[in-house]
>>> print(open('query-v5.pdb').read())   # PDB, C-alpha atoms
ATOM      1  CA  MET M   1     137.375 184.305  70.268  1.00  0.00           C
ATOM      2  CA  GLU M   2     135.173 185.647  67.535  1.00  0.00           C
ATOM      3  CA  GLN M   3     131.533 184.553  67.372  1.00  0.00           C
ATOM      4  CA  SER M   4     128.934 185.136  64.752  1.00  0.00           C
ATOM      5  CA  ARG M   5     125.463 186.232  65.613  1.00  0.00           C
ATOM      6  CA  ARG M   6     124.106 182.832  64.665  1.00  0.00           C
ATOM      7  CA  SER M   7     126.519 180.839  66.859  1.00  0.00           C
ATOM      8  CA  PHE M   8     125.775 183.203  69.786  1.00  0.00           C
ATOM      9  CA  LEU M   9     122.009 182.553  69.438  1.00  0.00           C
ATOM     10  CA  LYS M  10     122.605 178.789  69.250  1.00  0.00           C
ATOM     11  CA  LEU M  11     124.783 178.843  72.335  1.00  0.00           C
ATOM     12  CA  GLY M  12     122.352 181.086  74.243  1.00  0.00           C
ATOM     13  CA  SER M  13     119.327 178.967  73.311  1.00  0.00           C
ATOM     14  CA  GLY M  14     121.117 175.802  74.348  1.00  0.00           C
ATOM     15  CA  ALA M  15     122.063 177.341  77.710  1.00  0.00           C
ATOM     16  CA  ILE M  16     118.462 178.444  78.360  1.00  0.00           C
ATOM     17  CA  VAL M  17     117.055 175.003  77.522  1.00  0.00           C
ATOM     18  CA  ALA M  18     119.697 173.245  79.644  1.00  0.00           C
ATOM     19  CA  SER M  19     119.025 175.464  82.653  1.00  0.00           C
ATOM     20  CA  ALA M  20     115.224 175.149  82.282  1.00  0.00           C
ATOM     21  CA  PHE M  21     115.177 171.353  82.073  1.00  0.00           C
ATOM     22  CA  GLY M  22     118.180 170.822  84.335  1.00  0.00           C
ATOM     23  CA  GLY M  23     116.258 172.196  87.319  1.00  0.00           C
ATOM     24  CA  LEU M  24     113.443 169.698  86.738  1.00  0.00           C
ATOM     25  CA  GLY M  25     115.663 166.709  87.281  1.00  0.00           C
ATOM     26  CA  PHE M  26     115.548 165.677  83.616  1.00  0.00           C
ATOM     27  CA  SER M  27     117.620 162.583  83.080  1.00  0.00           C
ATOM     28  CA  LEU M  28     117.960 160.010  80.335  1.00  0.00           C
ATOM     29  CA  ALA M  29     119.059 157.289  82.776  1.00  0.00           C
ATOM     30  CA  PRO M  30     116.762 154.231  83.047  1.00  0.00           C
ATOM     31  CA  VAL M  31     114.133 154.501  85.740  1.00  0.00           C
ATOM     32  CA  ARG M  32     112.812 151.648  87.837  1.00  0.00           C
ATOM     33  CA  ALA M  33     109.025 151.623  88.291  1.00  0.00           C
ATOM     34  CA  TYR M  34     107.593 150.965  91.734  1.00  0.00           C
ATOM     35  CA  ALA M  35     104.074 149.563  91.675  1.00  0.00           C
ATOM     36  CA  GLY M  36     102.153 149.957  94.900  1.00  0.00           C
ATOM     37  CA  GLN M  37      99.164 147.972  96.056  1.00  0.00           C
ATOM     38  CA  ALA M  38      96.262 148.358  93.647  1.00  0.00           C
ATOM     39  CA  LYS M  39      93.441 150.402  95.189  1.00  0.00           C
ATOM     40  CA  LEU M  40      90.841 148.170  93.536  1.00  0.00           C
ATOM     41  CA  GLN M  41      92.488 144.904  94.545  1.00  0.00           C
ATOM     42  CA  TRP M  42      89.590 143.841  96.805  1.00  0.00           C
ATOM     43  CA  THR M  43      86.842 144.539  94.296  1.00  0.00           C
ATOM     44  CA  ARG M  44      84.925 142.511  91.765  1.00  0.00           C
ATOM     45  CA  GLN M  45      85.051 143.948  88.244  1.00  0.00           C
ATOM     46  CA  THR M  46      82.103 143.644  85.879  1.00  0.00           C
ATOM     47  CA  THR M  47      81.726 144.997  82.365  1.00  0.00           C
ATOM     48  CA  THR M  48      78.633 146.881  81.303  1.00  0.00           C
ATOM     49  CA  ILE M  49      77.422 149.534  78.864  1.00  0.00           C
ATOM     50  CA  CYS M  50      76.970 153.241  79.621  1.00  0.00           C
ATOM     51  CA  CYS M  51      73.289 154.174  79.857  1.00  0.00           C
ATOM     52  CA  TYR M  52      73.521 157.829  78.840  1.00  0.00           C
ATOM     53  CA  CYS M  53      73.196 157.784  75.049  1.00  0.00           C
ATOM     54  CA  ALA M  54      72.995 155.426  72.098  1.00  0.00           C
ATOM     55  CA  VAL M  55      76.764 155.223  71.503  1.00  0.00           C
ATOM     56  CA  GLY M  56      77.119 152.227  73.833  1.00  0.00           C
ATOM     57  CA  CYS M  57      80.499 152.881  75.460  1.00  0.00           C
ATOM     58  CA  GLY M  58      81.915 149.999  77.490  1.00  0.00           C
ATOM     59  CA  LEU M  59      82.481 150.372  81.234  1.00  0.00           C
ATOM     60  CA  ILE M  60      84.226 148.447  83.981  1.00  0.00           C
ATOM     61  CA  VAL M  61      82.324 148.677  87.278  1.00  0.00           C
ATOM     62  CA  SER M  62      84.262 147.762  90.410  1.00  0.00           C
ATOM     63  CA  THR M  63      82.088 146.633  93.318  1.00  0.00           C
ATOM     64  CA  SER M  64      83.260 146.055  96.875  1.00  0.00           C
ATOM     65  CA  ASP M  65      83.884 142.562  98.175  1.00  0.00           C
ATOM     66  CA  ALA M  66      81.915 141.162 101.135  1.00  0.00           C
ATOM     67  CA  ALA M  67      85.059 139.650 102.678  1.00  0.00           C
ATOM     68  CA  GLN M  68      86.734 143.063 102.844  1.00  0.00           C
ATOM     69  CA  ASP M  69      83.760 145.162 104.007  1.00  0.00           C
ATOM     70  CA  PRO M  70      80.480 143.317 104.782  1.00  0.00           C
ATOM     71  CA  LYS M  71      78.500 146.580 105.129  1.00  0.00           C
ATOM     72  CA  ALA M  72      79.471 147.806 101.675  1.00  0.00           C
ATOM     73  CA  SER M  73      79.155 144.489  99.864  1.00  0.00           C
ATOM     74  CA  GLY M  74      78.156 144.969  96.246  1.00  0.00           C
ATOM     75  CA  ARG M  75      78.395 148.774  96.278  1.00  0.00           C
ATOM     76  CA  ALA M  76      80.067 150.453  93.319  1.00  0.00           C
ATOM     77  CA  VAL M  77      83.407 151.938  94.307  1.00  0.00           C
ATOM     78  CA  ASN M  78      84.738 152.849  90.868  1.00  0.00           C
ATOM     79  CA  ILE M  79      83.559 153.088  87.262  1.00  0.00           C
ATOM     80  CA  GLU M  80      85.947 153.581  84.363  1.00  0.00           C
ATOM     81  CA  GLY M  81      86.091 153.093  80.614  1.00  0.00           C
ATOM     82  CA  ASP M  82      86.760 149.594  79.306  1.00  0.00           C
ATOM     83  CA  PRO M  83      90.003 149.646  77.264  1.00  0.00           C
ATOM     84  CA  ASP M  84      89.017 146.389  75.519  1.00  0.00           C
ATOM     85  CA  HIS M  85      85.672 147.745  74.287  1.00  0.00           C
ATOM     86  CA  PRO M  86      85.706 148.403  70.509  1.00  0.00           C
ATOM     87  CA  ILE M  87      83.598 151.580  70.677  1.00  0.00           C
ATOM     88  CA  ASN M  88      85.275 153.786  73.264  1.00  0.00           C
ATOM     89  CA  GLU M  89      88.559 151.906  73.855  1.00  0.00           C
ATOM     90  CA  GLY M  90      88.643 153.083  77.485  1.00  0.00           C
ATOM     91  CA  GLY M  91      87.649 156.697  76.911  1.00  0.00           C
ATOM     92  CA  LEU M  92      84.510 158.265  78.383  1.00  0.00           C
ATOM     93  CA  CYS M  93      82.688 161.553  77.903  1.00  0.00           C
ATOM     94  CA  SER M  94      82.003 163.769  80.913  1.00  0.00           C
ATOM     95  CA  LYS M  95      78.603 162.147  81.524  1.00  0.00           C
ATOM     96  CA  GLY M  96      80.013 158.632  81.337  1.00  0.00           C
ATOM     97  CA  ALA M  97      82.904 159.565  83.627  1.00  0.00           C
ATOM     98  CA  SER M  98      80.459 160.777  86.284  1.00  0.00           C
ATOM     99  CA  LEU M  99      78.276 157.668  86.020  1.00  0.00           C
ATOM    100  CA  TRP M 100      79.375 156.500  89.469  1.00  0.00           C
ATOM    101  CA  GLN M 101      77.246 159.280  90.988  1.00  0.00           C
ATOM    102  CA  ILE M 102      74.049 157.597  89.788  1.00  0.00           C
ATOM    103  CA  SER M 103      74.511 154.784  92.295  1.00  0.00           C
ATOM    104  CA  GLU M 104      76.623 156.507  94.969  1.00  0.00           C
ATOM    105  CA  ASN M 105      75.563 160.053  95.808  1.00  0.00           C
ATOM    106  CA  GLY M 106      75.163 161.208  99.398  1.00  0.00           C
ATOM    107  CA  GLN M 107      73.546 164.483  98.304  1.00  0.00           C
ATOM    108  CA  ARG M 108      70.564 162.801  96.666  1.00  0.00           C
ATOM    109  CA  PRO M 109      67.284 163.523  98.493  1.00  0.00           C
ATOM    110  CA  LYS M 110      65.830 160.479 100.234  1.00  0.00           C
ATOM    111  CA  GLN M 111      62.192 161.667 100.023  1.00  0.00           C
ATOM    112  CA  PRO M 112      60.227 163.495  97.313  1.00  0.00           C
ATOM    113  CA  LEU M 113      60.297 167.279  97.639  1.00  0.00           C
ATOM    114  CA  TYR M 114      57.239 169.456  96.960  1.00  0.00           C
ATOM    115  CA  ARG M 115      57.007 173.213  96.544  1.00  0.00           C
ATOM    116  CA  ALA M 116      53.465 174.543  96.729  1.00  0.00           C
ATOM    117  CA  PRO M 117      52.359 177.260  94.283  1.00  0.00           C
ATOM    118  CA  ASN M 118      53.712 180.718  95.281  1.00  0.00           C
ATOM    119  CA  SER M 119      55.882 179.136  97.987  1.00  0.00           C
ATOM    120  CA  THR M 120      59.625 179.722  98.295  1.00  0.00           C
ATOM    121  CA  GLU M 121      60.453 176.573 100.246  1.00  0.00           C
ATOM    122  CA  TRP M 122      60.563 172.886  99.441  1.00  0.00           C
ATOM    123  CA  LYS M 123      59.129 170.393 101.909  1.00  0.00           C
ATOM    124  CA  GLU M 124      59.516 166.633 102.167  1.00  0.00           C
ATOM    125  CA  VAL M 125      56.406 164.612 101.352  1.00  0.00           C
ATOM    126  CA  SER M 126      55.688 160.890 101.346  1.00  0.00           C
ATOM    127  CA  TRP M 127      56.001 158.764  98.230  1.00  0.00           C
ATOM    128  CA  ASP M 128      52.320 157.796  98.425  1.00  0.00           C
ATOM    129  CA  TRP M 129      51.217 161.437  98.487  1.00  0.00           C
ATOM    130  CA  ALA M 130      53.591 162.438  95.657  1.00  0.00           C
ATOM    131  CA  LEU M 131      52.577 159.589  93.332  1.00  0.00           C
ATOM    132  CA  SER M 132      48.837 160.043  93.895  1.00  0.00           C
ATOM    133  CA  GLU M 133      49.185 163.820  93.392  1.00  0.00           C
ATOM    134  CA  ILE M 134      51.088 163.342  90.136  1.00  0.00           C
ATOM    135  CA  ALA M 135      48.523 160.824  88.878  1.00  0.00           C
ATOM    136  CA  ALA M 136      45.616 163.143  89.751  1.00  0.00           C
ATOM    137  CA  ARG M 137      47.233 166.127  88.002  1.00  0.00           C
ATOM    138  CA  VAL M 138      48.081 164.096  84.894  1.00  0.00           C
ATOM    139  CA  LYS M 139      44.496 162.811  84.656  1.00  0.00           C
ATOM    140  CA  LYS M 140      43.004 166.265  85.212  1.00  0.00           C
ATOM    141  CA  THR M 141      45.239 167.875  82.550  1.00  0.00           C
ATOM    142  CA  ARG M 142      44.668 165.058  80.045  1.00  0.00           C
ATOM    143  CA  ASP M 143      40.888 165.052  80.503  1.00  0.00           C
ATOM    144  CA  ALA M 144      40.678 168.833  80.177  1.00  0.00           C
ATOM    145  CA  ASN M 145      42.796 168.999  77.009  1.00  0.00           C
ATOM    146  CA  PHE M 146      42.193 165.702  75.206  1.00  0.00           C
ATOM    147  CA  MET M 147      41.583 166.056  71.464  1.00  0.00           C
ATOM    148  CA  GLU M 148      39.735 163.249  69.680  1.00  0.00           C
ATOM    149  CA  LYS M 149      39.745 164.859  66.225  1.00  0.00           C
ATOM    150  CA  ASN M 150      41.815 167.593  64.647  1.00  0.00           C
ATOM    151  CA  ALA M 151      40.503 170.559  62.626  1.00  0.00           C
ATOM    152  CA  ALA M 152      40.256 168.394  59.478  1.00  0.00           C
ATOM    153  CA  GLY M 153      38.043 165.875  61.281  1.00  0.00           C
ATOM    154  CA  GLU M 154      40.696 163.140  61.428  1.00  0.00           C
ATOM    155  CA  VAL M 155      40.844 160.979  64.560  1.00  0.00           C
ATOM    156  CA  VAL M 156      44.048 161.857  66.450  1.00  0.00           C
ATOM    157  CA  ASN M 157      43.330 160.918  70.118  1.00  0.00           C
ATOM    158  CA  ARG M 158      46.028 163.124  71.641  1.00  0.00           C
ATOM    159  CA  THR M 159      46.754 165.863  74.126  1.00  0.00           C
ATOM    160  CA  GLU M 160      49.120 168.743  73.442  1.00  0.00           C
ATOM    161  CA  ALA M 161      48.945 170.103  76.987  1.00  0.00           C
ATOM    162  CA  MET M 162      51.628 167.759  78.371  1.00  0.00           C
ATOM    163  CA  ALA M 163      55.122 166.738  77.336  1.00  0.00           C
ATOM    164  CA  SER M 164      57.612 164.099  78.434  1.00  0.00           C
ATOM    165  CA  PHE M 165      61.297 164.832  78.884  1.00  0.00           C
ATOM    166  CA  GLY M 166      63.001 161.559  79.806  1.00  0.00           C
ATOM    167  CA  SER M 167      66.099 161.154  81.928  1.00  0.00           C
ATOM    168  CA  ALA M 168      69.505 160.345  80.494  1.00  0.00           C
ATOM    169  CA  ALA M 169      69.970 157.762  83.243  1.00  0.00           C
ATOM    170  CA  LEU M 170      67.384 155.482  81.624  1.00  0.00           C
ATOM    171  CA  ASP M 171      68.559 152.527  79.598  1.00  0.00           C
ATOM    172  CA  THR M 172      66.976 151.483  76.304  1.00  0.00           C
ATOM    173  CA  GLU M 173      64.360 149.212  77.846  1.00  0.00           C
ATOM    174  CA  GLU M 174      63.288 151.862  80.373  1.00  0.00           C
ATOM    175  CA  CYS M 175      63.028 154.434  77.571  1.00  0.00           C
ATOM    176  CA  TRP M 176      60.819 152.057  75.602  1.00  0.00           C
ATOM    177  CA  ALA M 177      58.524 151.502  78.625  1.00  0.00           C
ATOM    178  CA  LEU M 178      58.349 155.241  79.367  1.00  0.00           C
ATOM    179  CA  GLN M 179      57.567 156.123  75.754  1.00  0.00           C
ATOM    180  CA  SER M 180      54.869 153.417  75.553  1.00  0.00           C
ATOM    181  CA  MET M 181      53.219 154.812  78.666  1.00  0.00           C
ATOM    182  CA  MET M 182      53.397 158.413  77.393  1.00  0.00           C
ATOM    183  CA  ARG M 183      51.957 157.463  73.997  1.00  0.00           C
ATOM    184  CA  SER M 184      49.120 155.543  75.676  1.00  0.00           C
ATOM    185  CA  LEU M 185      48.230 158.797  77.474  1.00  0.00           C
ATOM    186  CA  GLY M 186      48.064 160.549  74.100  1.00  0.00           C
ATOM    187  CA  LEU M 187      51.265 162.617  74.367  1.00  0.00           C
ATOM    188  CA  VAL M 188      52.918 163.696  71.146  1.00  0.00           C
ATOM    189  CA  TYR M 189      55.731 165.806  72.609  1.00  0.00           C
ATOM    190  CA  ILE M 190      58.159 163.121  73.814  1.00  0.00           C
ATOM    191  CA  GLU M 191      61.875 163.782  74.070  1.00  0.00           C
ATOM    192  CA  HIS M 192      64.890 162.190  75.700  1.00  0.00           C
ATOM    193  CA  GLN M 193      67.632 164.171  77.440  1.00  0.00           C
ATOM    194  CA  ALA M 194      70.509 162.224  75.940  1.00  0.00           C
ATOM    195  CA  ARG M 195      69.709 163.566  72.451  1.00  0.00           C
ATOM    196  CA  LEU M 196      69.872 167.226  73.469  1.00  0.00           C
TER     197      LEU M 196
END
>>> encode(input="query-v5.pdb", output="C-alpha cells")
Amino acid sequence: MEQSRRSFLKLGSGAIVASAFGGLGFSLAPVRAYAGQAKLQWTRQTTTICCYCAVGCGLIVSTSDAAQDPKASGRAVNIEGDPDHPINEGGLCSKGASLWQISENGQRPKQPLYRAPNSTEWKEVSWDWALSEIAARVKKTRDANFMEKNAAGEVVNRTEAMASFGSAALDTEECWALQSMMRSLGLVYIEHQARL
C-alpha cells in the first residue's frame, strides 16, 4: 500500500489524538447526572451588596439555621456571588470572594494589641486603655500641629500632621461617618483603601 506524506501525517495525528483522549474515558454517550444533598440545604439565604468598593456587586449570604445547629444560629456559613444581580451576574473579585472572612475568622485577635516604642513584642491591652490612648494621642498631635491660617492669611482650620486611611470593610454609611469625623478634626489627607 502506497501512502503519501500527507495521508501518513493525517493517520498519525488521528492515532495520537485517539490514544490521548481514549485513556481519559472520553465518550459521546449520554451521561446521567447524580445530584447529592445540597451542602447549604439547612441555611437561610439572604441577598446583600459587597462592601469593598463602589461597584456594588450582589451577594448571597447563607446563614445557619437554628433548628439544625442552635449554637451557630445566624452565623454566615457561605458567601457567593448572586447570579441574578445585574452588575456582577454571580462573579466576584478576589476581595469579594473572601468576604466571608470578615464575619468568620478564627485568627482575628480578640483584644487590641499594643507595641511600645522600641519594643519587638506585641502585648494585649484592654479596649478602655487602647481607646483612651488613641484619643489622647490624636488630641496631642492635633493641638501641636493645628493651623488656623495658611501663609496667605486665609482661614483654613486644618492639621497636616495626621491622615486617615479607611478600611475597605466599611460600607458607604460608615465611610461617610468616618470622613465627617476626620474632617471635624481638621484632617485634609483622607483616603479609602478600596480606591487604591
>>> closest_residue(input="query-v5.pdb", among="M:Ser167, M:Pro109, M:Cys51, M:Lys139", to="Ala97 of chain M", atoms="only C-alpha atoms")
M:Cys51
>>> closest_residue(input="query-v5.pdb", among="M:Cys53, M:Tyr114, M:Trp127, M:Leu92", to="Gly166 of chain M", atoms="only C-alpha atoms")
M:Cys53
>>> closest_residue(input="query-v5.pdb", among="M:Arg158, M:Arg44, M:Arg115, M:Arg5", to="Arg183 of chain M", atoms="only C-alpha atoms")
M:Arg158
>>> atom_distance(input="query-v5.pdb", atom1="atom CA of Ser184 of chain M", atom2="atom CA of Ala54 of chain M")
24.1 Å
>>> closest_residue(input="query-v5.pdb", among="M:Cys93, M:Val77, M:Val61, M:Ala161", to="Leu185 of chain M", atoms="all atoms listed in the file")
M:Ala161
>>> atom_distance(input="query-v5.pdb", atom1="atom CA of Cys175 of chain M", atom2="atom CA of Ser103 of chain M")
18.7 Å
>>> atom_distance(input="query-v5.pdb", atom1="atom CA of Ala135 of chain M", atom2="atom CA of Ala151 of chain M")
29.1 Å
>>> residues_around(input="query-v5.pdb", residues="Asp84 of chain M", least_positions_apart="3", cutoff="10 Å", atoms="all atoms listed in the file", output="list in words")
Gly58, Leu59, Ile60, Gly81, Ile87, Asn88, Glu89 and Gly90 of chain M
>>> resolve_selection(input="query-v5.pdb", expression="the PyMOL selection byres ((chain M and resi 156) around 12)", output="PDB file with C-alpha atoms, keeping the file's coordinate frame")
ATOM      1  CA  PHE M 146      42.193 165.702  75.206  1.00  0.00           C
ATOM      2  CA  MET M 147      41.583 166.056  71.464  1.00  0.00           C
ATOM      3  CA  GLU M 148      39.735 163.249  69.680  1.00  0.00           C
ATOM      4  CA  LYS M 149      39.745 164.859  66.225  1.00  0.00           C
ATOM      5  CA  ASN M 150      41.815 167.593  64.647  1.00  0.00           C
ATOM      6  CA  ALA M 151      40.503 170.559  62.626  1.00  0.00           C
ATOM      7  CA  ALA M 152      40.256 168.394  59.478  1.00  0.00           C
ATOM      8  CA  GLY M 153      38.043 165.875  61.281  1.00  0.00           C
ATOM      9  CA  GLU M 154      40.696 163.140  61.428  1.00  0.00           C
ATOM     10  CA  VAL M 155      40.844 160.979  64.560  1.00  0.00           C
ATOM     11  CA  ASN M 157      43.330 160.918  70.118  1.00  0.00           C
ATOM     12  CA  ARG M 158      46.028 163.124  71.641  1.00  0.00           C
ATOM     13  CA  THR M 159      46.754 165.863  74.126  1.00  0.00           C
ATOM     14  CA  GLU M 160      49.120 168.743  73.442  1.00  0.00           C
ATOM     15  CA  ARG M 183      51.957 157.463  73.997  1.00  0.00           C
ATOM     16  CA  GLY M 186      48.064 160.549  74.100  1.00  0.00           C
ATOM     17  CA  LEU M 187      51.265 162.617  74.367  1.00  0.00           C
ATOM     18  CA  VAL M 188      52.918 163.696  71.146  1.00  0.00           C
TER      19      VAL M 188
END
>>> axis_aligned_box(input="query-v5.pdb", around="segment 109-121 of chain M", padding_each_side="6 Å", output="AutoDock Vina command-line options")
--center_x 59.8 --center_y 170.6 --center_z 97.3 --size_x 26.9 --size_y 32.2 --size_z 18.0
>>> resolve_selection(input="query-v5.pdb", expression="the PyMOL selection byres ((chain M and resi 62) around 9)", output="PDB file with C-alpha atoms, in the frame of the given file")
ATOM      1  CA  LEU M  40      90.841 148.170  93.536  1.00  0.00           C
ATOM      2  CA  THR M  43      86.842 144.539  94.296  1.00  0.00           C
ATOM      3  CA  ARG M  44      84.925 142.511  91.765  1.00  0.00           C
ATOM      4  CA  GLN M  45      85.051 143.948  88.244  1.00  0.00           C
ATOM      5  CA  THR M  46      82.103 143.644  85.879  1.00  0.00           C
ATOM      6  CA  THR M  47      81.726 144.997  82.365  1.00  0.00           C
ATOM      7  CA  ILE M  60      84.226 148.447  83.981  1.00  0.00           C
ATOM      8  CA  VAL M  61      82.324 148.677  87.278  1.00  0.00           C
ATOM      9  CA  THR M  63      82.088 146.633  93.318  1.00  0.00           C
ATOM     10  CA  SER M  64      83.260 146.055  96.875  1.00  0.00           C
ATOM     11  CA  GLY M  74      78.156 144.969  96.246  1.00  0.00           C
ATOM     12  CA  ARG M  75      78.395 148.774  96.278  1.00  0.00           C
ATOM     13  CA  ALA M  76      80.067 150.453  93.319  1.00  0.00           C
ATOM     14  CA  VAL M  77      83.407 151.938  94.307  1.00  0.00           C
ATOM     15  CA  ASN M  78      84.738 152.849  90.868  1.00  0.00           C
ATOM     16  CA  ILE M  79      83.559 153.088  87.262  1.00  0.00           C
ATOM     17  CA  GLU M  80      85.947 153.581  84.363  1.00  0.00           C
TER      18      GLU M  80
END
>>> closest_residue(input="query-v5.pdb", among="M:Val55, M:Ser13, M:Gly96, M:Leu131", to="Pro112 of chain M", atoms="all atoms listed in the file")
M:Leu131
>>> closest_residue(input="query-v5.pdb", among="M:Trp176, M:Tyr189, M:Tyr52, M:Trp122", to="Met162 of chain M", atoms="all atoms listed in the file")
M:Tyr189
>>> build_atoms(input="query-v5.pdb", residues="segment 148-156 of chain M", atoms="all heavy atoms", output="mmCIF file, keeping the file's coordinate frame")
data_model
loop_
_atom_site.group_PDB
_atom_site.id
_atom_site.type_symbol
_atom_site.label_atom_id
_atom_site.label_comp_id
_atom_site.auth_asym_id
_atom_site.auth_seq_id
_atom_site.Cartn_x
_atom_site.Cartn_y
_atom_site.Cartn_z
ATOM 1 N N GLU M 148 40.058 164.468 70.435
ATOM 2 C CA GLU M 148 39.735 163.249 69.680
ATOM 3 C C GLU M 148 39.982 163.422 68.198
ATOM 4 O O GLU M 148 40.507 162.534 67.537
ATOM 5 C CB GLU M 148 38.272 162.870 69.904
ATOM 6 C CG GLU M 148 38.069 161.984 71.090
ATOM 7 C CD GLU M 148 36.646 161.479 71.160
ATOM 8 O OE1 GLU M 148 36.173 160.898 70.149
ATOM 9 O OE2 GLU M 148 36.020 161.666 72.211
ATOM 10 N N LYS M 149 39.584 164.595 67.655
ATOM 11 C CA LYS M 149 39.745 164.859 66.225
ATOM 12 C C LYS M 149 40.424 166.204 66.037
ATOM 13 O O LYS M 149 40.239 167.130 66.826
ATOM 14 C CB LYS M 149 38.387 164.859 65.528
ATOM 15 C CG LYS M 149 37.685 163.514 65.578
ATOM 16 C CD LYS M 149 36.376 163.532 64.830
ATOM 17 C CE LYS M 149 35.743 162.152 64.895
ATOM 18 N NZ LYS M 149 34.523 162.060 64.121
ATOM 19 N N ASN M 150 41.178 166.312 64.954
ATOM 20 C CA ASN M 150 41.815 167.593 64.647
ATOM 21 C C ASN M 150 40.863 168.466 63.826
ATOM 22 O O ASN M 150 39.701 168.105 63.599
ATOM 23 C CB ASN M 150 43.144 167.377 63.916
ATOM 24 C CG ASN M 150 42.979 166.681 62.580
ATOM 25 O OD1 ASN M 150 41.873 166.483 62.088
ATOM 26 N ND2 ASN M 150 44.094 166.279 61.987
ATOM 27 N N ALA M 151 41.352 169.603 63.358
ATOM 28 C CA ALA M 151 40.503 170.559 62.626
ATOM 29 C C ALA M 151 39.981 169.976 61.312
ATOM 30 O O ALA M 151 38.914 170.369 60.833
ATOM 31 C CB ALA M 151 41.284 171.840 62.358
ATOM 32 N N ALA M 152 40.687 169.016 60.739
ATOM 33 C CA ALA M 152 40.256 168.394 59.478
ATOM 34 C C ALA M 152 39.290 167.238 59.709
ATOM 35 O O ALA M 152 38.851 166.604 58.751
ATOM 36 C CB ALA M 152 41.481 167.901 58.712
ATOM 37 N N GLY M 153 38.982 166.948 60.974
ATOM 38 C CA GLY M 153 38.043 165.875 61.281
ATOM 39 C C GLY M 153 38.670 164.501 61.370
ATOM 40 O O GLY M 153 37.969 163.494 61.486
ATOM 41 N N GLU M 154 40.002 164.422 61.328
ATOM 42 C CA GLU M 154 40.696 163.140 61.428
ATOM 43 C C GLU M 154 40.844 162.752 62.902
ATOM 44 O O GLU M 154 41.095 163.596 63.764
ATOM 45 C CB GLU M 154 42.091 163.244 60.797
ATOM 46 C CG GLU M 154 42.052 163.654 59.343
ATOM 47 C CD GLU M 154 43.418 164.095 58.827
ATOM 48 O OE1 GLU M 154 44.223 164.634 59.604
ATOM 49 O OE2 GLU M 154 43.648 163.898 57.629
ATOM 50 N N VAL M 155 40.698 161.468 63.184
ATOM 51 C CA VAL M 155 40.844 160.979 64.560
ATOM 52 C C VAL M 155 42.328 161.007 64.936
ATOM 53 O O VAL M 155 43.157 160.400 64.267
ATOM 54 C CB VAL M 155 40.279 159.548 64.696
ATOM 55 C CG1 VAL M 155 40.512 159.012 66.090
ATOM 56 C CG2 VAL M 155 38.797 159.520 64.341
ATOM 57 N N VAL M 156 42.656 161.752 66.015
ATOM 58 C CA VAL M 156 44.048 161.857 66.450
ATOM 59 C C VAL M 156 44.267 161.333 67.870
ATOM 60 O O VAL M 156 45.360 160.868 68.198
ATOM 61 C CB VAL M 156 44.558 163.309 66.339
ATOM 62 C CG1 VAL M 156 44.711 163.720 64.892
ATOM 63 C CG2 VAL M 156 43.676 164.268 67.097
#
